[in-house]
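What follows is the content of upload_14.tsv (TSV, C-alpha atoms).
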chain	number	residue	atom	x	y	z
A	226	MET	CA	260.19	-63.37	16.27
A	227	HIS	CA	259.49	-63.20	19.99
A	228	LYS	CA	260.76	-65.34	22.81
A	229	VAL	CA	258.30	-67.94	24.06
A	230	GLY	CA	258.49	-69.48	27.53
A	231	VAL	CA	257.92	-73.16	28.20
A	232	ALA	CA	254.50	-72.63	29.78
A	233	ALA	CA	253.36	-70.31	26.99
A	234	SER	CA	254.52	-72.74	24.29
A	235	ARG	CA	252.24	-75.43	25.76
A	236	LEU	CA	249.25	-73.13	25.42
A	237	ALA	CA	249.95	-71.61	22.01
A	238	ARG	CA	251.13	-74.51	19.88
A	239	LEU	CA	252.34	-74.05	16.36
A	240	CYS	CA	250.01	-75.71	13.85
A	241	PRO	CA	251.00	-77.10	10.44
A	242	GLU	CA	248.56	-74.70	8.77
A	243	GLN	CA	250.33	-71.72	10.37
A	244	VAL	CA	253.66	-72.86	8.95
A	245	LYS	CA	252.14	-73.41	5.50
A	246	ARG	CA	250.88	-69.80	5.45
A	247	ILE	CA	254.24	-68.22	6.32
A	248	ARG	CA	255.76	-66.15	3.51
A	249	PHE	CA	259.11	-64.43	3.62
A	250	ARG	CA	259.89	-61.06	2.12
A	251	ARG	CA	262.17	-61.02	-0.84
A	252	THR	CA	265.42	-59.18	-0.52
A	253	ARG	CA	265.92	-55.94	-2.35
A	254	PHE	CA	267.95	-55.90	-5.51
A	255	GLY	CA	271.67	-55.98	-4.78
A	256	ARG	CA	271.29	-57.42	-1.26
A	257	ARG	CA	272.00	-60.91	-0.16
A	258	GLY	CA	269.09	-63.07	0.92
A	259	LEU	CA	268.18	-66.63	1.72
A	260	ALA	CA	267.72	-69.31	-0.90
A	261	GLU	CA	263.96	-69.65	-1.22
A	262	GLU	CA	264.16	-73.35	-2.10
A	263	GLN	CA	265.94	-74.08	1.18
A	264	VAL	CA	263.54	-71.96	3.25
A	265	TYR	CA	260.44	-73.55	1.77
A	266	GLY	CA	262.02	-77.01	1.93
A	267	PHE	CA	262.62	-76.47	5.62
A	268	LEU	CA	259.04	-75.27	6.11
A	269	ARG	CA	257.77	-78.43	4.42
A	270	ALA	CA	259.88	-80.51	6.82
A	271	VAL	CA	258.48	-78.55	9.79
A	272	VAL	CA	254.92	-79.11	8.55
A	273	ASP	CA	255.63	-82.85	8.25
A	274	GLU	CA	257.04	-82.96	11.80
A	275	LEU	CA	254.11	-81.03	13.26
A	276	THR	CA	251.62	-83.23	11.43
A	277	ALA	CA	253.36	-86.37	12.73
A	278	ARG	CA	253.46	-84.93	16.27
A	279	ASP	CA	249.76	-84.12	16.17
A	280	GLY	CA	248.97	-87.64	14.96
A	281	VAL	CA	251.03	-89.25	17.72
A	282	GLU	CA	249.44	-86.98	20.31
A	283	ALA	CA	245.93	-87.86	19.11
A	284	SER	CA	246.66	-91.58	19.29
A	285	LEU	CA	248.15	-91.18	22.78
A	286	ARG	CA	245.05	-89.30	23.94
A	287	ALA	CA	242.82	-92.07	22.55
A	288	GLU	CA	244.94	-94.76	24.24
A	289	ASN	CA	244.85	-92.81	27.50
A	290	ALA	CA	241.04	-92.61	27.35
A	291	ARG	CA	240.83	-96.34	26.57
A	292	LEU	CA	243.10	-97.22	29.51
A	293	LYS	CA	241.15	-94.98	31.89
A	294	GLY	CA	237.92	-96.68	30.85
A	295	ALA	CA	239.45	-100.14	31.30
A	296	LEU	CA	240.77	-99.17	34.73
A	297	ARG	CA	237.34	-97.88	35.80
A	298	GLU	CA	235.73	-101.10	34.60
A	299	TRP	CA	238.32	-103.22	36.40
A	300	GLN	CA	237.95	-101.20	39.60
A	301	SER	CA	234.18	-101.49	39.56
A	302	SER	CA	234.36	-105.28	39.17
A	303	PHE	CA	236.90	-105.75	41.98
A	304	ALA	CA	235.93	-102.95	44.35
A	305	PRO	CA	234.57	-104.15	47.69
A	306	ARG	CA	230.78	-103.99	47.82
A	307	PRO	CA	229.29	-101.84	50.59
A	308	THR	CA	228.25	-104.09	53.46
A	309	ARG	CA	224.71	-103.99	54.75
A	310	MET	CA	224.10	-103.46	58.40
A	311	ALA	CA	222.41	-106.35	60.23
A	312	ASN	CA	219.01	-104.68	60.38
A	313	ALA	CA	219.63	-102.41	57.38
A	314	GLY	CA	217.09	-99.95	58.77
A	315	ARG	CA	214.22	-102.42	58.68
A	316	TRP	CA	213.34	-102.03	62.38
A	317	THR	CA	214.18	-99.78	65.25
A	318	GLU	CA	215.91	-100.66	68.52
A	319	PRO	CA	212.72	-101.30	70.59
A	320	GLU	CA	211.32	-103.59	67.89
A	321	GLN	CA	214.43	-105.78	68.02
A	322	ARG	CA	213.64	-106.88	71.62
A	323	ARG	CA	210.24	-108.35	70.78
Show this structure as structure tokens.
Amino acid sequence: MHKVGVAASRLARLCPEQVKRIRFRRTRFGRRGLAEEQVYGFLRAVVDELTARDGVEASLRAENARLKGALREWQSSFAPRPTRMANAGRWTEPEQRR
């Protein structure tokens, strides 16, 4: 396993499907190894956590988009309207004196 920096971990996120595909080598006969039930139990817990995280993130993104839209709508209804100049380009300076 390699060391991942904070910035790199934001770009390359671990997905539940990646965890589901992980398989560990079995130990050779006569050597000690890890209990497979515990390893795969842990992987199931990691998959559940990643799935929950992804769901929360998706709902936060949707809420963020909804709030941005509501803010834009509110701003457009309360933003000051551009004022028109007195002549608004309808006549030129010499025509005003007539």
Out of A:Leu239, A:Ile247, A:Gly255, A:Arg306, which residue has the shortest atom-to-atom distance to Arg278 of chain A when counting only C-alpha atoms?
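Selected residue with least distance to Arg278 of chain A: A:Leu239.
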Atom CA of Glu274 of chain A to atom CA of Arg246 of chain A: how many Å, to one decimal?
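Atom CA of Glu274 of chain A sits 15.9 Å away from atom CA of Arg246 of chain A.
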When you look at Asp273 of chain A with a cut-off of 12 Å (counting all atoms listed in the file), what residues show up, excluding the ones that are within fewer than 5 positions of it in the same chain? I need them as a ChimeraX atom specification.
/A:240-242,244-245,266-268,278-280
Atom pair atom CA of Val272 of chain A / atom CA of Phe249 of chain A: separation (Å):
16.0 Å
For atom CA of Trp299 of chain A and atom CA of Ser284 of chain A, quote the distance in Å rounded to one decimal.
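Computing it gives 22.3 Å between the two atoms.
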Choose the residue, out of A:Ala304, A:Val264, A:Glu282, A:Arg238, that has the smallest atom-to-atom separation from Arg250 of chain A; count all atoms listed in the file.
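Ranked by minimum distance to Arg250 of chain A, first place goes to A:Val264.
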